[in-house]
Amino acid sequence: MTAPKLRFAPSPTGFLHIGNARTALFNWLTALKTQGRYLLRLDDTDRDRSKPEYERAIVEDLAWLAIAPHEIVRQSDRLELYAAAAEGLKRKGLLYPSYETPEELDRRRKRQLQRGAPPVYDRAALRLTAEDRSRLEAEGRRPHWRFKLTGQVVSWEDGVRGSSHIDTASLSDPVLIREDGQPLYTFTSVVDDAELGITNVIRGEDHVTNTAVQLEIFAGLGAAPPAFAHHNLLTTASGEGLSKRLGHLSLRGLREAGIEPMAVAALAVLTGTSEALQPVGTMEELAEHFSLDKVSRASAKFDEHELEALNGKLLHKTPYALVADRLIAEGVDAGEAFWLAVRGNCGKLTDAAQWWRIIDAPAQPQIDESDRDFMAEAVATLPREPFGEASWREWTSALKERTGRKGRALFMPLRRALTGLDHGPDMAHLLPLIGRGRALKRLQGEVA
Ligand code: GLU
C-alpha cells in the first residue's frame, strides 16, 4: 500500500471562507489520520481572476488554521504537462476541435430547450471534414477542444454518498482547452491528480458531476483514478451559499474579529453533526471527532453566533502555554495565574487585556457612601501577604464575622472597590494578583 496522498486545490481568486476551510480540513484531518501527505495545489489557470495576493493569503490562512502542506504546486507552472496530456488525448481521438462561438452555442441550446430536448452539445464538430475545418480556420476561427465522453454510466463508490452513478450521455462533451489555448480546470485537475499521485479526493458536492467527467478523462489518459468523496456544503445562517467573491465568512475576517483558529476549524468540520458545539483544543483531538461517515448529505448551516459561543468555550479551557505568546504580544505579560483567573471571562483572547488593566493599571474604586464603615473593617481585616488561593475566603469570613454581612452585601462592595466593576473573574483569583498594597489603597477609595 502506498501512503495516502490528499490535496486541497483552491483557485487563488478570493479569500478562503469557512466552506473552503471545511474542504481543506477534511483533507488535512484525513491525512493526519492516515499518516498521508497533503498537497496544496493552486488552481490558477484562470489568469484574469487569479492574483498573487490571494495565493499568499491562502498559504497564510491555512497556516493560521495549523494546516502545513507537505508540498505546494501551482498549475500555471505545469502548462507543459497539460499540453502533453492533451496531445495524447488528441492522438486517441478523445479530444476534438470545435469552432462554435458562444452565441451559436447559446442559440442551439435555446432551440433544444424549446423542443423539450436536453441542452446537451450535439457534437456537430465531430462531423466536420478536414475541409470544413480549414475553411473555418481561414475565416479566422480558432478551435476550442472538447473531450469525447463515452455516453455510458460512470459509477464510483463515494466516500460520503456511497454508490454513485452518472450517465454521461446526459452531459455535454466538456471543453478542456479554450480557443486561446488555455487548459481548463476539469482537465488540469485530472492531469495533476494523476501525475502527483493523489490517492483520495475529498471535495464539495458541487463537484459530483465533474467526477463522472473526470473519471472518463482519467480513463482516457490511461491513469488510475483516486477515490472520491463529496461532502455537503455549508451555507450562511440564512441558507445562502458561501462565495469567495462575495467575501462571505472569510478566514481573514474571522481572524481579524479575534476568533480562535481552533474554534473556526472545529465548527467548519463538525457543523451539521451532534458534536458541533464542543470546544476542541487541538487538531489531533479534532481528527478523533472527524469521520466522513458522520457527514450528512443535506447542506449544513454555519452560524456565526455559534462560532462566538464556541470561541468562548474554547478559551475557557485553553492552557496558558497555548496563548502565552499572543498574550505577551497584546501587552499582557501577566503569567499563568492571571490567565487561569480570567480565561473563564474571555469571549475573545483580546478580552484578557481588559482584565489585565483592572489589575495592572490604576482603577477607579466604586465605593458607596453607606459602605464607608464596612470598608474600614475590610482594611483592618485584610490578611497579611503572601496572598494565596485561600486569602479571599479567610478575609471575607473574618469580615462576615465582624460585620454580620453575607452574600451579595458582603462580596459586591469588595469587588466594586477592588476592581471598579460589579462583575468579573472570581475574586479569590484576582485578589492575589492585585496584591495587598494596591488592595489597601483601593479599599480606601484611592485610584491605584
Ligand atoms: N479549484 C477547484 C475548486 O476550488 C478544485 C476542485 C477539486 O477539488 O477538484 O473548486
# chains A, B, ... in the order shown; residues from 1 in each chain; ligands from 1
call {"tool": "residues_around", "arguments": {"residues": "segment 323-334 of chain A", "least_positions_apart": "2", "cutoff": "8 Å", "atoms": "only C-alpha atoms", "output": "list in words"}}
result
Thr318, Pro319, Tyr320, Ala321, Glu336, Ala337, Phe338, Trp339, Leu349, Thr350, Ala352, Ala353 and Trp356 of chain A
call {"tool": "residues_near_ligand", "arguments": {"ligand": "ligand 1", "cutoff": "6 Å", "atoms": "only C-alpha atoms and all ligand atoms", "output": "number ranges by chain"}}
result
A: 9-11, 43, 189, 203
call {"tool": "select_by_dssp", "arguments": {"residues": "segment 91-253 of chain A", "states": "strand (DSSP E)", "output": "ChimeraX atom specification"}}
result
/A:95-98,144-147,153-158,162-167,175-177,200-204,227-231,234-235
call {"tool": "closest_residue", "arguments": {"among": "A:Leu292, A:Ala257, A:Ala124, A:Leu314", "to": "Gln278 of chain A", "atoms": "only C-alpha atoms"}}
result
A:Leu314
call {"tool": "residues_around", "arguments": {"residues": "Lys92 of chain A", "least_positions_apart": "5", "cutoff": "10 Å", "atoms": "only C-alpha atoms", "output": "number ranges by chain"}}
result
A: 86-87, 220-221
call {"tool": "closest_atom_pairs", "arguments": {"of": "segment 228-336 of chain A", "to": "segment 142-163 of chain A", "cutoff": "10 Å", "atoms": "only C-alpha atoms", "output": "CSV"}}
result
residue,atom,partner,partner_atom,distance
A:Phe228,CA,A:Asp158,CA,5.5
A:Ala229,CA,A:Gly159,CA,4.2
A:His230,CA,A:Val160,CA,5.9
A:His231,CA,A:Val160,CA,6.3
A:Asn232,CA,A:Val160,CA,8.7
A:Ser291,CA,A:Val160,CA,9.6
A:Leu292,CA,A:Val160,CA,5.9
A:Asp293,CA,A:Val160,CA,6.4
A:Lys294,CA,A:Val160,CA,8.5
A:Val295,CA,A:Val160,CA,6.8
A:Ser296,CA,A:Val160,CA,8.0
A:Arg297,CA,A:Arg161,CA,7.1
call {"tool": "write_last_selection", "arguments": {"atoms": "N, CA, C and O atoms", "output": "short mmCIF file (atom, residue, chain, number, x, y, z; two decimals), in the first residue's frame"}}
result
data_model
loop_
_atom_site.label_atom_id
_atom_site.label_comp_id
_atom_site.auth_asym_id
_atom_site.auth_seq_id
_atom_site.Cartn_x
_atom_site.Cartn_y
_atom_site.Cartn_z
N PHE A 228 -12.96 9.01 -4.56
CA PHE A 228 -13.63 10.30 -4.42
C PHE A 228 -14.60 10.32 -3.25
O PHE A 228 -15.25 9.32 -2.96
N ALA A 229 -14.66 11.48 -2.59
CA ALA A 229 -15.67 11.70 -1.56
C ALA A 229 -16.16 13.13 -1.71
O ALA A 229 -15.34 14.04 -1.85
N HIS A 230 -17.47 13.31 -1.70
CA HIS A 230 -18.04 14.66 -1.86
C HIS A 230 -18.84 15.03 -0.63
O HIS A 230 -19.84 14.39 -0.32
N HIS A 231 -18.36 16.06 0.07
CA HIS A 231 -19.05 16.44 1.30
C HIS A 231 -20.13 17.48 1.02
O HIS A 231 -20.07 18.19 0.01
N ASN A 232 -21.08 17.57 1.94
CA ASN A 232 -22.13 18.58 1.83
C ASN A 232 -21.52 19.97 1.97
O ASN A 232 -20.43 20.15 2.49
N SER A 291 -15.03 12.10 10.99
CA SER A 291 -15.11 10.92 10.14
C SER A 291 -16.05 11.25 8.99
O SER A 291 -17.10 11.89 9.18
N LEU A 292 -15.68 10.81 7.79
CA LEU A 292 -16.55 11.08 6.63
C LEU A 292 -17.92 10.43 6.82
O LEU A 292 -18.92 10.91 6.30
N ASP A 293 -17.96 9.36 7.62
CA ASP A 293 -19.25 8.68 7.84
C ASP A 293 -20.27 9.57 8.55
O ASP A 293 -21.46 9.32 8.46
N LYS A 294 -19.76 10.57 9.29
CA LYS A 294 -20.69 11.41 10.04
C LYS A 294 -21.25 12.56 9.19
O LYS A 294 -22.10 13.31 9.65
N VAL A 295 -20.71 12.72 7.99
CA VAL A 295 -21.11 13.87 7.18
C VAL A 295 -22.47 13.60 6.55
O VAL A 295 -22.68 12.58 5.90
N SER A 296 -23.39 14.55 6.78
CA SER A 296 -24.75 14.36 6.26
C SER A 296 -24.79 14.74 4.79
O SER A 296 -23.91 15.43 4.28
N ARG A 297 -25.86 14.33 4.11
CA ARG A 297 -25.97 14.71 2.70
C ARG A 297 -26.70 16.04 2.53
O ARG A 297 -26.63 16.65 1.49
#
call {"tool": "atom_distance", "arguments": {"atom1": "atom CA of Asp44 of chain A", "atom2": "atom CA of Leu249 of chain A"}}
result
22.1 Å
call {"tool": "closest_residue", "arguments": {"among": "A:Lys348, A:Arg357, A:Arg255, A:Arg343", "to": "Leu310 of chain A", "atoms": "only C-alpha atoms"}}
result
A:Lys348
call {"tool": "atom_distance", "arguments": {"atom1": "atom CA of Asp61 of chain A", "atom2": "atom CA of Lys244 of chain A"}}
result
13.6 Å
call {"tool": "select_by_dssp", "arguments": {"residues": "segment 55-272 of chain A", "states": "helix (DSSP H, G or I)", "output": "tab-separated table (two decimals) with C-alpha atoms, in the first residue's frame"}}
result
chain	number	residue	atom	x	y	z
A	55	GLU	CA	-2.25	32.97	-3.30
A	56	ARG	CA	-0.25	34.39	-0.38
A	57	ALA	CA	-3.40	34.78	1.64
A	58	ILE	CA	-4.35	31.13	1.08
A	59	VAL	CA	-0.97	29.93	2.35
A	60	GLU	CA	-1.25	32.27	5.35
A	61	ASP	CA	-4.83	31.35	6.18
A	62	LEU	CA	-4.04	27.64	6.05
A	63	ALA	CA	-1.05	28.20	8.35
A	64	TRP	CA	-3.34	30.08	10.73
A	75	GLN	CA	-0.98	24.96	-12.11
A	76	SER	CA	0.47	27.84	-14.10
A	77	ASP	CA	3.91	26.20	-13.63
A	79	LEU	CA	1.34	24.03	-18.55
A	80	GLU	CA	3.71	21.74	-20.47
A	81	LEU	CA	2.29	18.71	-18.73
A	82	TYR	CA	-1.23	19.68	-19.72
A	83	ALA	CA	-0.14	20.27	-23.32
A	84	ALA	CA	1.50	16.83	-23.47
A	85	ALA	CA	-1.56	15.14	-21.95
A	86	ALA	CA	-3.81	16.96	-24.42
A	87	GLU	CA	-1.70	15.70	-27.34
A	88	GLY	CA	-2.14	12.15	-26.03
A	89	LEU	CA	-5.94	12.55	-25.95
A	90	LYS	CA	-5.95	14.07	-29.44
A	91	ARG	CA	-3.99	11.10	-30.77
A	102	PRO	CA	-20.62	31.18	-27.57
A	103	GLU	CA	-23.54	32.88	-29.37
A	104	GLU	CA	-24.01	29.95	-31.73
A	105	LEU	CA	-23.96	27.52	-28.83
A	106	ASP	CA	-26.43	29.62	-26.96
A	107	ARG	CA	-28.86	29.72	-29.88
A	108	ARG	CA	-28.58	25.97	-30.28
A	109	ARG	CA	-29.28	25.40	-26.57
A	110	LYS	CA	-32.35	27.61	-26.71
A	111	ARG	CA	-33.69	25.68	-29.72
A	112	GLN	CA	-33.15	22.39	-27.88
A	113	LEU	CA	-34.95	23.68	-24.82
A	114	GLN	CA	-37.87	24.89	-26.95
A	124	ALA	CA	-21.70	18.90	-34.61
A	125	ALA	CA	-17.92	19.46	-34.56
A	126	LEU	CA	-17.30	15.72	-34.81
A	127	ARG	CA	-18.97	15.74	-38.19
A	130	ALA	CA	-10.88	18.41	-42.88
A	131	GLU	CA	-12.05	20.95	-45.48
A	132	ASP	CA	-14.72	22.34	-43.18
A	133	ARG	CA	-12.08	22.88	-40.53
A	134	SER	CA	-9.67	24.57	-42.93
A	135	ARG	CA	-12.44	26.85	-44.11
A	136	LEU	CA	-13.39	27.80	-40.57
A	137	GLU	CA	-9.76	28.46	-39.69
A	138	ALA	CA	-9.34	30.52	-42.85
A	168	THR	CA	-22.50	10.82	-19.23
A	169	ALA	CA	-24.94	10.65	-22.16
A	170	SER	CA	-26.83	13.35	-20.24
A	185	TYR	CA	-9.83	23.07	-14.55
A	186	THR	CA	-11.79	19.92	-15.48
A	187	PHE	CA	-8.73	18.74	-17.36
A	188	THR	CA	-5.79	20.18	-15.43
A	189	SER	CA	-7.14	18.74	-12.20
A	190	VAL	CA	-7.10	15.22	-13.65
A	191	VAL	CA	-3.63	15.58	-15.15
A	192	ASP	CA	-2.33	16.79	-11.77
A	193	ASP	CA	-4.14	14.23	-9.64
A	194	ALA	CA	-2.66	11.51	-11.86
A	195	GLU	CA	0.83	12.97	-12.17
A	205	GLU	CA	-20.66	18.07	-3.62
A	206	ASP	CA	-20.78	20.83	-6.23
A	207	HIS	CA	-18.18	18.67	-7.98
A	208	VAL	CA	-20.20	15.45	-8.21
A	209	THR	CA	-20.92	15.82	-11.92
A	210	ASN	CA	-17.31	16.78	-12.56
A	211	THR	CA	-16.32	13.47	-11.04
A	212	ALA	CA	-18.16	11.47	-13.69
A	213	VAL	CA	-16.49	13.53	-16.41
A	214	GLN	CA	-13.10	13.40	-14.72
A	215	LEU	CA	-13.28	9.62	-14.25
A	216	GLU	CA	-13.70	9.35	-18.00
A	217	ILE	CA	-10.71	11.65	-18.53
A	218	PHE	CA	-8.59	9.50	-16.19
A	219	ALA	CA	-9.56	6.51	-18.29
A	220	GLY	CA	-8.79	8.42	-21.48
A	221	LEU	CA	-5.32	9.22	-20.15
A	251	LEU	CA	-10.99	33.23	7.36
A	252	ARG	CA	-9.21	36.60	7.39
A	253	GLY	CA	-12.34	38.32	8.61
A	254	LEU	CA	-12.82	35.78	11.38
A	255	ARG	CA	-9.18	36.08	12.41
A	256	GLU	CA	-9.45	39.88	12.48
A	261	PRO	CA	-8.39	29.19	14.70
A	262	MET	CA	-9.40	26.01	16.53
A	263	ALA	CA	-12.93	27.36	17.04
A	264	VAL	CA	-13.13	28.01	13.30
A	265	ALA	CA	-11.64	24.61	12.47
A	266	ALA	CA	-13.89	22.68	14.84
A	267	LEU	CA	-17.07	24.34	13.65
A	268	ALA	CA	-16.06	24.18	9.98
A	269	VAL	CA	-15.58	20.43	10.33
A	270	LEU	CA	-18.33	19.49	12.78
call {"tool": "residues_around", "arguments": {"residues": "segment 365-381 of chain A", "least_positions_apart": "3", "cutoff": "12 Å", "atoms": "only C-alpha atoms", "output": "PyMOL selection string"}}
result
chain A and resi 358-359+362+384+391-405+409-422+436-448
call {"tool": "atom_distance", "arguments": {"atom1": "atom CA of Thr282 of chain A", "atom2": "atom CA of Arg37 of chain A"}}
result
19.2 Å
call {"tool": "closest_residue", "arguments": {"among": "A:Cys346, A:Val280, A:Ala21, A:Val120", "to": "Pro425 of chain A", "atoms": "only C-alpha atoms"}}
result
A:Cys346
call {"tool": "closest_residue", "arguments": {"among": "A:Leu184, A:Leu39, A:Ala24, A:Ala390", "to": "Leu430 of chain A", "atoms": "only C-alpha atoms"}}
result
A:Ala390
